[in-house]
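Peer 1: Just so it is clear, I am handing over work_17.cif, which has mmCIF, C-alpha atoms.
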data_target
#
loop_
_atom_site.group_PDB
_atom_site.id
_atom_site.type_symbol
_atom_site.label_atom_id
_atom_site.label_comp_id
_atom_site.auth_asym_id
_atom_site.auth_seq_id
_atom_site.Cartn_x
_atom_site.Cartn_y
_atom_site.Cartn_z
ATOM 1 C CA MET O 191 -9.013 -2.104 -13.506
ATOM 2 C CA GLU O 192 -9.197 -5.427 -15.331
ATOM 3 C CA GLU O 193 -6.122 -4.789 -17.493
ATOM 4 C CA THR O 194 -2.557 -5.174 -16.285
ATOM 5 C CA PRO O 195 -0.016 -2.408 -16.941
ATOM 6 C CA VAL O 196 1.840 -4.754 -19.312
ATOM 7 C CA HIS O 197 -1.256 -5.474 -21.390
ATOM 8 C CA TYR O 198 -2.190 -1.793 -21.371
ATOM 9 C CA LEU O 199 1.198 -0.754 -22.765
ATOM 10 C CA LEU O 200 1.210 -3.561 -25.319
ATOM 11 C CA ARG O 201 -2.244 -2.455 -26.474
ATOM 12 C CA LEU O 202 -1.060 1.141 -26.838
ATOM 13 C CA HIS O 203 2.166 0.096 -28.566
ATOM 14 C CA PRO O 204 1.319 -2.874 -30.772
ATOM 15 C CA ASP O 205 4.805 -2.720 -32.295
ATOM 16 C CA GLN O 206 6.050 -4.207 -28.991
ATOM 17 C CA GLU O 207 3.647 -7.180 -29.250
ATOM 18 C CA GLY O 208 5.126 -10.392 -27.970
ATOM 19 C CA ASP O 209 7.835 -8.631 -25.963
ATOM 20 C CA GLN O 210 6.127 -8.756 -22.545
ATOM 21 C CA LYS O 211 9.439 -9.415 -20.800
ATOM 22 C CA ALA O 212 10.883 -6.099 -22.034
ATOM 23 C CA VAL O 213 7.718 -4.207 -21.050
ATOM 24 C CA ARG O 214 7.775 -5.791 -17.560
ATOM 25 C CA ALA O 215 11.433 -4.785 -17.163
ATOM 26 C CA LYS O 216 10.618 -1.172 -18.073
ATOM 27 C CA LEU O 217 7.633 -1.089 -15.707
ATOM 28 C CA GLY O 218 9.760 -2.536 -12.922
ATOM 29 C CA LYS O 219 12.034 0.505 -13.074
ATOM 30 C CA PHE O 220 9.040 2.625 -12.067
ATOM 31 C CA GLY O 221 7.810 0.251 -9.349
ATOM 32 C CA LEU O 222 4.648 -0.732 -11.254
ATOM 33 C CA GLN O 223 3.341 -4.220 -10.684
ATOM 34 C CA ASP O 224 2.038 -6.553 -13.348
ATOM 35 C CA GLU O 225 -1.424 -7.018 -11.880
ATOM 36 C CA PRO O 226 -4.746 -5.288 -12.608
ATOM 37 C CA LYS O 227 -5.243 -3.375 -9.373
ATOM 38 C CA ASN O 228 -1.577 -2.464 -8.889
ATOM 39 C CA HIS O 229 -1.361 -3.829 -5.340
ATOM 40 C CA LEU O 230 2.103 -4.484 -3.988
ATOM 41 C CA ASP O 231 3.051 -8.130 -3.625
ATOM 42 C CA MET O 232 4.562 -9.365 -0.344
ATOM 43 C CA GLN O 233 8.105 -9.430 -1.715
ATOM 44 C CA THR O 234 7.821 -5.785 -2.810
ATOM 45 C CA ILE O 235 6.317 -4.777 0.547
ATOM 46 C CA ASP O 236 9.204 -6.434 2.381
ATOM 47 C CA ALA O 237 11.780 -4.767 0.134
ATOM 48 C CA LEU O 238 10.148 -1.355 0.591
ATOM 49 C CA ALA O 239 9.913 -1.796 4.380
ATOM 50 C CA ASP O 240 13.576 -2.882 4.546
ATOM 51 C CA ALA O 241 14.638 0.137 2.498
ATOM 52 C CA LEU O 242 12.599 2.512 4.683
ATOM 53 C CA ASP O 243 14.059 0.917 7.798
ATOM 54 C CA GLY O 244 17.536 1.966 6.678
ATOM 55 C CA PHE O 245 16.411 5.441 5.637
ATOM 56 C CA LYS O 246 17.570 8.190 8.016
ATOM 57 C CA GLY O 247 14.992 10.818 7.046
ATOM 58 C CA GLY O 248 11.249 10.992 7.508
ATOM 59 C CA VAL O 249 8.643 9.386 5.276
ATOM 60 C CA VAL O 250 4.928 10.006 4.957
ATOM 61 C CA LEU O 251 3.234 6.773 3.983
ATOM 62 C CA VAL O 252 -0.349 6.826 2.763
ATOM 63 C CA SER O 253 -1.683 3.319 2.303
ATOM 64 C CA HIS O 254 -4.607 1.033 2.981
ATOM 65 C CA ASP O 255 -2.337 -2.020 2.893
ATOM 66 C CA SER O 256 -2.243 -3.429 6.412
ATOM 67 C CA ARG O 257 0.862 -5.532 5.762
ATOM 68 C CA LEU O 258 2.828 -2.546 4.471
ATOM 69 C CA ILE O 259 1.782 -0.324 7.360
ATOM 70 C CA SER O 260 2.505 -3.076 9.898
ATOM 71 C CA ARG O 261 6.015 -3.557 8.530
ATOM 72 C CA VAL O 262 6.804 0.151 8.371
ATOM 73 C CA CYS O 263 5.357 0.844 11.831
ATOM 74 C CA GLN O 264 7.094 -2.097 13.549
ATOM 75 C CA ASP O 265 9.457 0.215 15.414
ATOM 76 C CA GLU O 266 7.024 2.168 17.575
ATOM 77 C CA GLU O 267 9.805 4.533 18.694
ATOM 78 C CA LYS O 268 10.260 5.793 15.127
ATOM 79 C CA SER O 269 6.715 5.723 13.776
ATOM 80 C CA GLU O 270 3.587 7.819 14.219
ATOM 81 C CA ILE O 271 0.062 7.178 13.048
ATOM 82 C CA TRP O 272 -2.021 10.068 11.748
ATOM 83 C CA VAL O 273 -5.652 9.465 10.867
ATOM 84 C CA VAL O 274 -7.377 11.311 8.038
ATOM 85 C CA LYS O 275 -11.138 11.332 8.569
ATOM 86 C CA ASP O 276 -13.940 13.700 7.628
ATOM 87 C CA GLY O 277 -11.527 16.319 6.307
ATOM 88 C CA THR O 278 -9.340 16.419 9.421
ATOM 89 C CA VAL O 279 -5.986 14.903 10.359
ATOM 90 C CA THR O 280 -5.413 13.757 13.940
ATOM 91 C CA PHE O 281 -2.539 12.037 15.711
ATOM 92 C CA PHE O 282 -3.357 8.549 17.008
ATOM 93 C CA GLN O 283 -1.949 7.869 20.476
ATOM 94 C CA GLY O 284 -1.047 4.193 20.287
ATOM 95 C CA THR O 285 0.409 1.410 18.198
ATOM 96 C CA PHE O 286 -0.751 0.288 14.784
ATOM 97 C CA GLU O 287 -2.201 -2.862 16.363
ATOM 98 C CA GLU O 288 -4.221 -0.683 18.760
ATOM 99 C CA TYR O 289 -5.381 1.413 15.811
ATOM 100 C CA LYS O 290 -6.535 -1.709 13.948
ATOM 101 C CA GLU O 291 -8.487 -2.824 17.026
ATOM 102 C CA GLU O 292 -10.141 0.600 17.271
ATOM 103 C CA LEU O 293 -11.108 0.423 13.610
ATOM 104 C CA LYS O 294 -12.663 -3.001 14.148
ATOM 105 C CA ARG O 295 -14.729 -1.629 17.057
ATOM 106 C CA GLU O 296 -15.877 1.331 14.933
ATOM 107 C CA ILE O 297 -16.874 -0.953 12.068
ATOM 108 C CA LYS O 298 -18.809 -3.274 14.385
ATOM 109 C CA ALA O 299 -20.622 -0.267 15.870
ATOM 110 C CA GLU O 300 -21.526 1.057 12.426
ATOM 111 C CA VAL O 301 -22.804 -2.362 11.338
ATOM 112 C CA ALA O 302 -24.857 -2.621 14.522
ATOM 113 C CA GLU O 303 -26.421 0.804 13.824
ATOM 114 C CA LEU O 304 -27.415 -0.291 10.325
ATOM 115 C CA SER O 305 -29.062 -3.488 11.571
#
Kindly transcribe the structure held in the file into structure tokens.
Peer 2:
Amino acid sequence: MEETPVHYLLRLHPDQEGDQKAVRAKLGKFGLQDEPKNHLDMQTIDALADALDGFKGGVVLVSHDSRLISRVCQDEEKSEIWVVKDGTVTFFQGTFEEYKEELKREIKAEVAELS
């Protein structure tokens, strides 16, 4: 997790050494980011959310990225939140903001139990 995709590929293919720009361009075609933990940057999140907004079909998004989920779930008429917990999947009746507030309450309760 400490090595970027670019450095990883350059290590595996030393013949490409010094050509980081070409490796980044190839990785970009697959949506991979040049950072160790492969998180999406804000520009990529916005571009993905804009593309999904124009998409006519359905999309299942699995993410822990609050910014991405917030952008994709902005239109409450078109979005649903399903929660995966303890091996079950349940529909959440409410907005993403309400879901975040519920999570905060659950976390506070768990912390209080541990204290």
Peer 1: Just say which residues the PyMOL selection byres ((chain O and resi 252-257) around 12) picks in this file, as a ChimeraX atom specification.
Peer 2: /O:228-236,238-239,249-251,258-264,271-274,286-287,289-290
Peer 1: Work out how far CA of Leu242 in chain O is from CA of Arg214 in chain O, in Å to one decimal.
Peer 2: 24.2 Å
Peer 1: Record the distance separating CA of Gly284 in chain O and CA of Ile297 in chain O, expressed in Å with one decimal.
Peer 2: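 Separation between CA of Gly284 in chain O and CA of Ile297 in chain O: 18.6 Å.
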Peer 1: Ranking O:Ala215, O:Ser269, O:Asp240, O:Asp205 by minimum distance to Phe281 in chain O and counting all atoms listed in the file, which one comes first?
Peer 2: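 When distances to Phe281 in chain O are compared using all atoms listed in the file, the smallest one comes from O:Ser269.
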Peer 1: Would you compute the distance between CA of Leu199 in chain O and CA of Ala241 in chain O? Give it in Å to one decimal.
Peer 2: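 Atom-to-atom, CA of Leu199 in chain O to CA of Ala241 in chain O, that is 28.6 Å.
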